[in-house]
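Q: Dropping a structure here in structure tokens format, bear with me for questions.
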Amino acid sequence: MTTSANGRFPSPFEVPTPAGCEGWEELYPYYYLFSNDRREFEDNRFWFQDGMHHPEPLYPFDTITCESWWVALGQYNTRVFIVPPALGIDQRVLNGYLYITALPVPNENDIGPRVAHFMERAGYYYQNWNTLYDQWVKKAEETVAELKAIKVPDLPEMEDISVVKQGRGITTAYDLLTAYNRAIENMHKIWHLHFEFLNLGYAAYLTYYGFCKKAFPDISDQTIAKLVSGIDVILFRPDEELKRLSKAAVDLGVAGVFKQTVNPNEVIAEMQKSDGGQKWLDELEKSKDPWFYFSTGTGFYHLHRSWIDDMTVPCVSIRGYIEKIEAGQDISRPLSAIQKERDRLAAEYTALLPTEEDKKAFQEQLGLARTVFPYVENHNFYVEHWHHTVFWNKMREFGRVLVTHGFFKEVDDLFYLHRFEVQEAIYDLIASWASGGEARGPKYWPPLVEKRKALFEKLKAWAPPPALGEPPEVVTEPFTIMLWGITTESIQRWLKPQAAEGESKQLTGFAGSPGLVEGPARVITSVEELKDVQPGEILVCPITTPSWAPVFTRIKATVTDIGGMMSHAAIVCREYGLPAVIGTGFGTKTFKTGQMLRVDGTTGVVTALN
Amino acid sequence: MAHDPYVLWLEDCNKTCASLVGGKNASLGDMLKAGIRVPPGFAVTTAAYRDFLEEAGIGQAIQKILDDLDVDDVEATERASQTIRQMMAAACIPAPVETAITRAYKELAAECGAPDVPVAVRSSATAEDLPEASFAGQQETTLWVRTPGSVLIRTAICWSSLFTPRAIAYRVKMGFPHDRVLISVGVQKMANSRTSGVMFTLNPSNGDRSTIAIDASWGLGESVVSGMVTPDNYLVNKITLEVIKRTASPKLIEYVPDPDGDRAEIVNVPPERQTALCLTDEEVVAVATLGQCLDHYYGAPQDIEWAIDRDLPVPENVVALQCRPETVWSRKPPVSIARPGAGALDYVLANLLAGVKTRKD
């Protein structure tokens with residue numbers, strides 16, 4: 001049912017509701033659903049499933065991340081920088097899964113008048129990029145600080161006497177309500193910031209990319225990225241901190257602790273017993289804020305916990321680094337060598353260009369790409385990792401209050417409510433607290449949450465079609481290609497394997513990181529399964545993130561369903577020298593854990609050997 | 001042998017003595033100086049050829065036959081060629097030349113530790129291998145030559161290859177006087193090739209100068225050069241030495257040395273090796289490194305014959321057999337893709353307006 005005949009995907013109106021998932025629509029706001037009201041528009045669009053950011057069904061509360069970028073991404077194209085041919089990305093939810101479509105400027109005649117605005121506005125940003133970026137870092141840090149500062153009070157039996165003696169005039173009811181509203185607003189704000197530079201950054205990078213491909217038809221995506229990639233990338237900083245802590249453990253004579261245990265509580269207890277250990281714990285504290293606010297997932301889901309929540313991942317990683325240090329290996333990144341290599345590549349490619357004009361154009365575009373790249377590489381740390389770690393935990397504080405008052409059985413039940421419903425529940429709570437009456441919530445929400453949990457398991461088991469509707473002949477929309485890796489070819493691939501379902505033993509994707517290996521597959525569809533990964537396995541997953549670093553020291557190769565040239569899996573695999581095939585579309589559905597695979601990261605082909 | 005007028009070791013050859021040893025031998029000498037491994041050997045100089053013609057007294061007879069020739073008459077040209085080549089084969093090689101070649105071969109054999117070391121005997125014309133006048137394929141090569149006597153016979157055949165019908169016609173068309181073209185001969189140890197082939201230090205299909213394209217097949221290189229097999233093809237990034245693409249082809253035959261005779265023979269490749277890649281990635285990189293060195297050394301894209309010697313370890317087993325400038329793409333005028341006067345923002349705008357197609361499979 002994934003595809004219909006004649007090279008098109010099913011209409012969103014043809015896709016049946018999976019058995020037992022009836023009523024799934026109640027989990028989402030009305031504007032998120034395909035409906036007859038907008039059928040003419042919706043049936044004429046090509047929608048693809050955003051498995052890169054949202055491979056799992058959307059928890060009702062977690063739609064806040066995609067709803068935030070729905071506004072943020074779109075507005076910078078449409079209302080701020082006036083990108084001449086492109087509007088934003090529209091979103092819908094079908095059977096719990098997020099589908100998106102890139103909107104072009106509908107009337108070609110409107111493109112021309114947009115050009116002057118774009119040149120003025122985008123031009124300003126490109127020219128003042130570094131100043132604006134420094135300013136951005138401050139804004140991002142302030143936004144995280146504002147979120148951290150929000151206090152989530154529980155409702156007292158009696159208001160404190162200070163309310164009277166200071167004539168405060170407002171109560172904890174107001175504090176709780178506004179704390180929630182501020183936290184939600186703060187989430188929207190960080191996403192506005194997320195896209196302040198991103199579209200322009202990608203546009204500049206893509207332009208440089210296109211020039212490289214034209215001048216050097218055989219140049220690989222990896223080499224193009226290598227020519228611009230930053231030397232001191234914030235995204236690698238958490239891992240750098242782990243290396244620092246590993247060295248500190250060796251220097252302080254407490255490295256042995258990690259040989260006994262990698263359980264974080266046991267490590268801390270053991271460290272507290274010695275002077276060296278105490279000193280090491282001081283070093284740990286220095287690293288934690290902010291570098292341990294590092295999600296083990298994309299950060300898009302509340303389930304994606306961070307190192308700060310559970311230090312098992314860093315402890316495992318430190319153990320690995322200590323082994324390397326003790327074996328005499330140098331674990332530091334060879335910064336000057338990386339810098340030298342980048343300069344050599346740039347000089348040699350420039351020298352191969354045929355005319356002085358070409359050399360100048362290449363240097364300028366490379367220069368602009370290098371200017372925008374720090375933002376492109378680093379923004380995820382500020383938003384998805386640091387901010388979202390704080391955000392999901394802040395939401396758990398509201399969950400705890402609601403558990404206290406019988407609205408939920410468990411703190412995380414909150415995420416089965418949409419953010420508007422949480423606001424309703426909080427209002428129900430403060431109204432009953434104020435009046436002394438009975439809240440309906442304790443009767444209303446627990447059975448509904450139970451029902452939704454069961455429904456959710458069924459939605460998870462469903463395999464969403466990779467796309468809906470009629471595919472365009474050629475994908476030219478830059479953001480679709482850059483952010484999601486959706487190309488004319490990937491659409492053709494999606495249309496193909498269905499014919500050979502069950503016998504498909506080979507998948508093709510982007511050649512993300514070169515090399516050829518064979519090994520048993522480990523299919524992982526959620527972050528919690530990461531602990532099952534055994535040394536020497538080939539990780540098969542929807543998408544990976546840089547914080548899976550400790551796993552990358554154990555695996556042989558990576559195969560992902562989703563991702564493009566800028567995919568983190570590709571970046572990290574290159575860093576670790578592992579082969580990677582990115583954006584196979586069906587890796588997690590085609591291969592089984594334990595199956596022997598051959599991964600060719602140079603050609604982008606994954607083959608099942610049995 | 002340092003001052004022998006008739007024989008020069010390859011390491012003593014270089015571009016400045018191309019008129020003495022021909023382009024091919026000069027180029028091998030240059031490679032050795034650039035630290036590029038080539039099989040050891042020596043050049044029989046043009047002085048040997050000149051003295052041979054003089055001693056045998058056939059120079060004028062040859063010129064007379066050619067003076068009267070109409071090269072558009074194919075049959076007449078064929079007859080003239082046969083007459084000249086028979087005259088040359090019947091003539092005696094002067095004793096000092098014979099002594100010099102025999103002594104050099106024995107020294108090479110001693111150096112290689114094999115009394116009848118197999119060598120390749122190739123012509124190395126003084127006009128050949130120059131960028132603007134490719135004579136490729138018009139001269140003689142004999143492989144797997146094993147005795148001093150055979151080397152002498154093959155040397156004479158190489159000399160006479162200056163007078164194949166094609167070579168005669170070509171010179172007339174290009175306006176080279178026949179008596180101005182001299183010929184040298186290269187005598188070089190045969191690589192014991194497990195795999196061999198050719199490479200261009202650009203991509204011949206699209207002209208990408210950041211790429212090295214390698215064709216490879218089992219056995220001696222003649223199968224690839226002659227086009228008798230469809231070789232495996234590899235693309236390697238010339239700057240990073242990453243292997244970009246590998247394409248295996250069915251390689252049905254290979255040239256191997258005939259252990260008893262003085263030539264290579266064609267044998268069938270067993271089925272299990274036919275479609276297997278004939279180079280490991282490590283070897284691909286070693287071959288490409290050789291190409292990279294030559295490309296840098298000459299400062300222009302090159303067309304290289306190479307081999308992997310089955311007796312040597314990686315990467316010492318990779319040897320260059322021949323190197324000449326690439327001529328097809330190198331002669332095309334440069335195609336600029338820059339837009340005059342455009343700044344970086346103009347490119348961004350143009351890119352957004354044109355849309356982008358990022359893959360070109």
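Just remember, in the structure tokens the first chain shown is A, the second B, etc., residues are 1-based per chain, and ligands are 1-based in the order shown.
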Give as a count of residues only every residue of chain A that touches chain B within 6 Å, counting only C-alpha atoms.

A: 10

Q: Can you list, as number ranges by chain, all residues belonging to region 58-143 of chain B that DSSP tags as strand (DSSP E or B)?

A: B: 119-125, 130, 133, 141-143

Q: Kindly export the residues of the current selection with N, CA and C atoms, as a short mmCIF file (atom, residue, chain, number, x, y, z; two decimals), in the first residue's frame.

A:
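File produced: result_8.cif:
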data_model
loop_
_atom_site.label_atom_id
_atom_site.label_comp_id
_atom_site.auth_asym_id
_atom_site.auth_seq_id
_atom_site.Cartn_x
_atom_site.Cartn_y
_atom_site.Cartn_z
N VAL B 119 62.69 -9.45 -21.05
CA VAL B 119 62.63 -8.00 -21.25
C VAL B 119 61.60 -7.65 -22.32
N ALA B 120 61.16 -6.40 -22.26
CA ALA B 120 60.35 -5.85 -23.34
C ALA B 120 61.27 -5.03 -24.23
N VAL B 121 61.14 -5.20 -25.54
CA VAL B 121 61.94 -4.41 -26.47
C VAL B 121 60.97 -3.50 -27.22
N ARG B 122 61.16 -2.18 -27.06
CA ARG B 122 60.21 -1.23 -27.65
C ARG B 122 60.94 -0.18 -28.47
N SER B 123 60.30 0.24 -29.52
CA SER B 123 60.87 1.37 -30.24
C SER B 123 60.60 2.65 -29.47
N SER B 124 61.47 3.62 -29.61
CA SER B 124 61.32 4.90 -28.93
C SER B 124 61.74 5.98 -29.92
N ALA B 125 60.77 6.38 -30.74
CA ALA B 125 61.10 7.29 -31.84
C ALA B 125 61.37 8.69 -31.32
N LEU B 130 55.80 13.25 -28.32
CA LEU B 130 55.75 14.70 -28.12
C LEU B 130 54.29 15.12 -28.14
N ALA B 133 52.54 15.70 -31.59
CA ALA B 133 52.65 14.76 -32.70
C ALA B 133 52.65 13.33 -32.18
N THR B 141 56.59 -3.14 -30.45
CA THR B 141 56.89 -3.60 -29.10
C THR B 141 56.92 -5.13 -29.13
N THR B 142 57.93 -5.71 -28.52
CA THR B 142 57.92 -7.16 -28.35
C THR B 142 58.17 -7.47 -26.88
N LEU B 143 57.33 -8.34 -26.36
CA LEU B 143 57.41 -8.65 -24.95
C LEU B 143 58.09 -10.01 -24.76
#

Q: Do a neighbour search on Ser306 (chain A) at 10 Å with only C-alpha atoms, toss out local chain neighbours closer than 6 positions, and write the hits as number ranges by chain.

A: A: 292-297, 299, 313, 385-386, 388-390, 547

Q: Print the selection's residues with N, CA and C atoms to a file, as a compact mmCIF listing (two decimals), in the first residue's frame.

A:
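Printed below is again15.txt as written:
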# COMPACT_ATOMS: atom_id res chain seq x y z
N PHE A 292 27.20 18.85 28.81
CA PHE A 292 26.48 17.59 28.99
C PHE A 292 24.98 17.75 28.68
N TYR A 293 24.58 18.97 28.30
CA TYR A 293 23.21 19.15 27.81
C TYR A 293 23.21 18.71 26.36
N PHE A 294 23.50 17.43 26.19
CA PHE A 294 23.77 16.88 24.86
C PHE A 294 22.87 15.67 24.68
N SER A 295 21.93 15.81 23.78
CA SER A 295 20.91 14.78 23.62
C SER A 295 21.48 13.52 22.99
N THR A 296 20.98 12.39 23.41
CA THR A 296 21.37 11.14 22.75
C THR A 296 20.50 10.88 21.52
N GLY A 297 19.56 11.80 21.26
CA GLY A 297 18.76 11.70 20.05
C GLY A 297 18.86 12.98 19.26
N GLY A 299 16.89 15.40 19.81
CA GLY A 299 16.38 16.45 20.69
C GLY A 299 14.94 16.82 20.37
N VAL A 313 26.23 7.10 28.98
CA VAL A 313 26.91 7.26 27.69
C VAL A 313 28.29 7.92 27.86
N HIS A 385 20.08 20.57 21.44
CA HIS A 385 20.73 19.88 22.56
C HIS A 385 20.54 20.65 23.86
N TRP A 386 21.15 21.81 23.91
CA TRP A 386 21.19 22.55 25.18
C TRP A 386 19.78 23.01 25.58
N HIS A 388 16.74 22.26 24.38
CA HIS A 388 15.67 21.25 24.49
C HIS A 388 15.85 20.32 25.69
N THR A 389 17.10 20.09 26.08
CA THR A 389 17.32 19.30 27.29
C THR A 389 16.65 20.01 28.48
N VAL A 390 16.86 21.32 28.54
CA VAL A 390 16.26 22.10 29.62
C VAL A 390 14.73 22.10 29.45
N SER A 547 25.67 12.86 19.23
CA SER A 547 25.81 12.43 20.62
C SER A 547 25.80 10.91 20.75

Q: Identify which of the residues A:Ile543, A:Leu227, A:Val105, A:Val15 lies closest to Leu368 (chain A), counting only C-alpha atoms when measuring atom-to-atom distances.

A: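 Looking only at the distances to Leu368 (chain A), the closest residue turns out to be A:Leu227.
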
Q: At a cut-off of 8 Å, using only C-alpha atoms, what residues contact region 514-529 of chain A? Leave out same-chain residues fewer than 3 positions from it and give the result as a PDB file with N, CA and C atoms, in the first residue's frame.

A:
ATOM      1  N   THR A 296      20.979  12.389  23.414  1.00  0.00           N
ATOM      2  CA  THR A 296      21.369  11.135  22.750  1.00  0.00           C
ATOM      3  C   THR A 296      20.496  10.877  21.524  1.00  0.00           C
ATOM      4  N   GLY A 297      19.558  11.802  21.262  1.00  0.00           N
ATOM      5  CA  GLY A 297      18.756  11.695  20.047  1.00  0.00           C
ATOM      6  C   GLY A 297      18.863  12.982  19.261  1.00  0.00           C
ATOM      7  N   LEU A 303      11.587  11.958  24.618  1.00  0.00           N
ATOM      8  CA  LEU A 303      12.276  10.718  24.982  1.00  0.00           C
ATOM      9  C   LEU A 303      13.784  10.822  24.808  1.00  0.00           C
ATOM     10  N   HIS A 304      14.216  11.780  24.041  1.00  0.00           N
ATOM     11  CA  HIS A 304      15.639  11.900  23.769  1.00  0.00           C
ATOM     12  C   HIS A 304      16.337  12.530  24.972  1.00  0.00           C
ATOM     13  N   ALA A 511      26.357   8.254  -0.553  1.00  0.00           N
ATOM     14  CA  ALA A 511      27.627   7.756  -0.046  1.00  0.00           C
ATOM     15  C   ALA A 511      28.106   8.751   1.000  1.00  0.00           C
ATOM     16  N   ASP A 532      21.800  -1.749  23.245  1.00  0.00           N
ATOM     17  CA  ASP A 532      21.919  -3.127  22.778  1.00  0.00           C
ATOM     18  C   ASP A 532      23.041  -3.316  21.752  1.00  0.00           C
ATOM     19  N   VAL A 533      23.562  -2.206  21.240  1.00  0.00           N
ATOM     20  CA  VAL A 533      24.547  -2.305  20.164  1.00  0.00           C
ATOM     21  C   VAL A 533      25.804  -3.038  20.649  1.00  0.00           C
ATOM     22  N   GLY A 536      31.346  -4.244  16.727  1.00  0.00           N
ATOM     23  CA  GLY A 536      31.489  -4.859  15.403  1.00  0.00           C
ATOM     24  C   GLY A 536      30.209  -4.931  14.602  1.00  0.00           C
ATOM     25  N   GLU A 537      29.113  -4.432  15.171  1.00  0.00           N
ATOM     26  CA  GLU A 537      27.867  -4.474  14.421  1.00  0.00           C
ATOM     27  C   GLU A 537      27.752  -3.278  13.469  1.00  0.00           C
ATOM     28  N   ILE A 538      26.830  -3.430  12.521  1.00  0.00           N
ATOM     29  CA  ILE A 538      26.529  -2.324  11.618  1.00  0.00           C
ATOM     30  C   ILE A 538      25.224  -1.687  12.084  1.00  0.00           C
ATOM     31  N   LEU A 539      25.293  -0.432  12.444  1.00  0.00           N
ATOM     32  CA  LEU A 539      24.123   0.263  12.967  1.00  0.00           C
ATOM     33  C   LEU A 539      23.173   0.616  11.824  1.00  0.00           C
ATOM     34  N   VAL A 540      21.924   0.120  11.941  1.00  0.00           N
ATOM     35  CA  VAL A 540      20.899   0.448  10.946  1.00  0.00           C
ATOM     36  C   VAL A 540      19.814   1.215  11.689  1.00  0.00           C
ATOM     37  N   CYS A 541      19.600   2.487  11.329  1.00  0.00           N
ATOM     38  CA  CYS A 541      18.721   3.322  12.131  1.00  0.00           C
ATOM     39  C   CYS A 541      18.030   4.347  11.247  1.00  0.00           C
ATOM     40  N   PRO A 542      16.969   4.984  11.746  1.00  0.00           N
ATOM     41  CA  PRO A 542      16.312   6.012  10.937  1.00  0.00           C
ATOM     42  C   PRO A 542      17.239   7.199  10.691  1.00  0.00           C
ATOM     43  N   LYS A 556      30.866  -0.823  13.174  1.00  0.00           N
ATOM     44  CA  LYS A 556      31.716  -0.906  11.977  1.00  0.00           C
ATOM     45  C   LYS A 556      31.260   0.064  10.900  1.00  0.00           C
ATOM     46  N   ALA A 557      29.952   0.349  10.859  1.00  0.00           N
ATOM     47  CA  ALA A 557      29.409   1.182   9.781  1.00  0.00           C
ATOM     48  C   ALA A 557      28.006   1.623  10.176  1.00  0.00           C
ATOM     49  N   ARG A 574      32.401  10.320   9.132  1.00  0.00           N
ATOM     50  CA  ARG A 574      33.656  10.758   8.533  1.00  0.00           C
ATOM     51  C   ARG A 574      34.670  11.038   9.633  1.00  0.00           C
ATOM     52  N   GLY A 577      35.866   7.832  10.807  1.00  0.00           N
ATOM     53  CA  GLY A 577      36.417   6.967   9.766  1.00  0.00           C
ATOM     54  C   GLY A 577      35.609   5.714   9.517  1.00  0.00           C
ATOM     55  N   LEU A 578      34.302   5.778   9.734  1.00  0.00           N
ATOM     56  CA  LEU A 578      33.438   4.613   9.494  1.00  0.00           C
ATOM     57  C   LEU A 578      32.680   4.792   8.192  1.00  0.00           C
ATOM     58  N   PRO A 579      32.478   3.709   7.441  1.00  0.00           N
ATOM     59  CA  PRO A 579      31.647   3.820   6.243  1.00  0.00           C
ATOM     60  C   PRO A 579      30.202   4.157   6.632  1.00  0.00           C
ATOM     61  N   ALA A 580      29.537   4.965   5.829  1.00  0.00           N
ATOM     62  CA  ALA A 580      28.136   5.286   6.079  1.00  0.00           C
ATOM     63  C   ALA A 580      27.382   5.396   4.766  1.00  0.00           C
ATOM     64  N   THR A 588      15.760   0.353   7.894  1.00  0.00           N
ATOM     65  CA  THR A 588      15.250  -0.266   9.120  1.00  0.00           C
ATOM     66  C   THR A 588      14.100  -1.223   8.839  1.00  0.00           C
ATOM     67  N   PHE A 591      16.174  -4.559   6.569  1.00  0.00           N
ATOM     68  CA  PHE A 591      17.165  -5.427   7.203  1.00  0.00           C
ATOM     69  C   PHE A 591      16.724  -5.803   8.610  1.00  0.00           C
ATOM     70  N   LYS A 592      17.236  -6.959   9.071  1.00  0.00           N
ATOM     71  CA  LYS A 592      16.907  -7.449  10.409  1.00  0.00           C
ATOM     72  C   LYS A 592      18.180  -7.512  11.250  1.00  0.00           C
ATOM     73  N   THR A 593      18.015  -7.307  12.549  1.00  0.00           N
ATOM     74  CA  THR A 593      19.147  -7.436  13.451  1.00  0.00           C
ATOM     75  C   THR A 593      19.756  -8.831  13.295  1.00  0.00           C
ATOM     76  N   GLY A 594      21.074  -8.875  13.177  1.00  0.00           N
ATOM     77  CA  GLY A 594      21.770 -10.154  13.045  1.00  0.00           C
ATOM     78  C   GLY A 594      22.084 -10.537  11.615  1.00  0.00           C
ATOM     79  N   GLN A 595      21.331  -9.937  10.682  1.00  0.00           N
ATOM     80  CA  GLN A 595      21.568 -10.224   9.261  1.00  0.00           C
ATOM     81  C   GLN A 595      22.948  -9.694   8.851  1.00  0.00           C
ATOM     82  N   MET A 596      23.665 -10.470   8.033  1.00  0.00           N
ATOM     83  CA  MET A 596      24.979 -10.007   7.573  1.00  0.00           C
ATOM     84  C   MET A 596      24.801  -8.996   6.437  1.00  0.00           C
ATOM     85  N   LEU A 597      25.478  -7.860   6.580  1.00  0.00           N
ATOM     86  CA  LEU A 597      25.372  -6.810   5.562  1.00  0.00           C
ATOM     87  C   LEU A 597      26.754  -6.458   5.019  1.00  0.00           C
ATOM     88  N   ARG A 598      26.757  -6.017   3.775  1.00  0.00           N
ATOM     89  CA  ARG A 598      27.953  -5.381   3.235  1.00  0.00           C
ATOM     90  C   ARG A 598      27.610  -3.904   2.995  1.00  0.00           C
ATOM     91  N   VAL A 599      28.390  -3.031   3.608  1.00  0.00           N
ATOM     92  CA  VAL A 599      28.137  -1.593   3.472  1.00  0.00           C
ATOM     93  C   VAL A 599      29.266  -0.970   2.664  1.00  0.00           C
ATOM     94  N   ASP A 600      28.920  -0.400   1.537  1.00  0.00           N
ATOM     95  CA  ASP A 600      29.921   0.295   0.735  1.00  0.00           C
ATOM     96  C   ASP A 600      29.656   1.793   0.809  1.00  0.00           C
ATOM     97  N   GLY A 601      30.389   2.448   1.701  1.00  0.00           N
ATOM     98  CA  GLY A 601      30.187   3.876   1.934  1.00  0.00           C
ATOM     99  C   GLY A 601      30.754   4.740   0.821  1.00  0.00           C
ATOM    100  N   THR A 602      31.424   4.122  -0.119  1.00  0.00           N
ATOM    101  CA  THR A 602      31.979   4.892  -1.222  1.00  0.00           C
ATOM    102  C   THR A 602      30.986   5.003  -2.370  1.00  0.00           C
ATOM    103  N   THR A 603      30.253   3.900  -2.596  1.00  0.00           N
ATOM    104  CA  THR A 603      29.269   3.927  -3.688  1.00  0.00           C
ATOM    105  C   THR A 603      27.860   4.153  -3.164  1.00  0.00           C
TER     106      THR A 603
ATOM    107  N   GLU B 242      40.876   9.474  -2.545  1.00  0.00           N
ATOM    108  CA  GLU B 242      39.738   8.621  -2.197  1.00  0.00           C
ATOM    109  C   GLU B 242      39.252   7.899  -3.451  1.00  0.00           C
TER     110      GLU B 242
END

Q: Which residue, A:Phe456, A:Phe552, A:Phe381, A:Phe510, has the smallest gap to Ile486 (chain A) when you use only C-alpha atoms?

A: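 Going through A:Phe456, A:Phe552, A:Phe381, A:Phe510 one by one, the smallest distance to Ile486 (chain A) is for A:Phe510.
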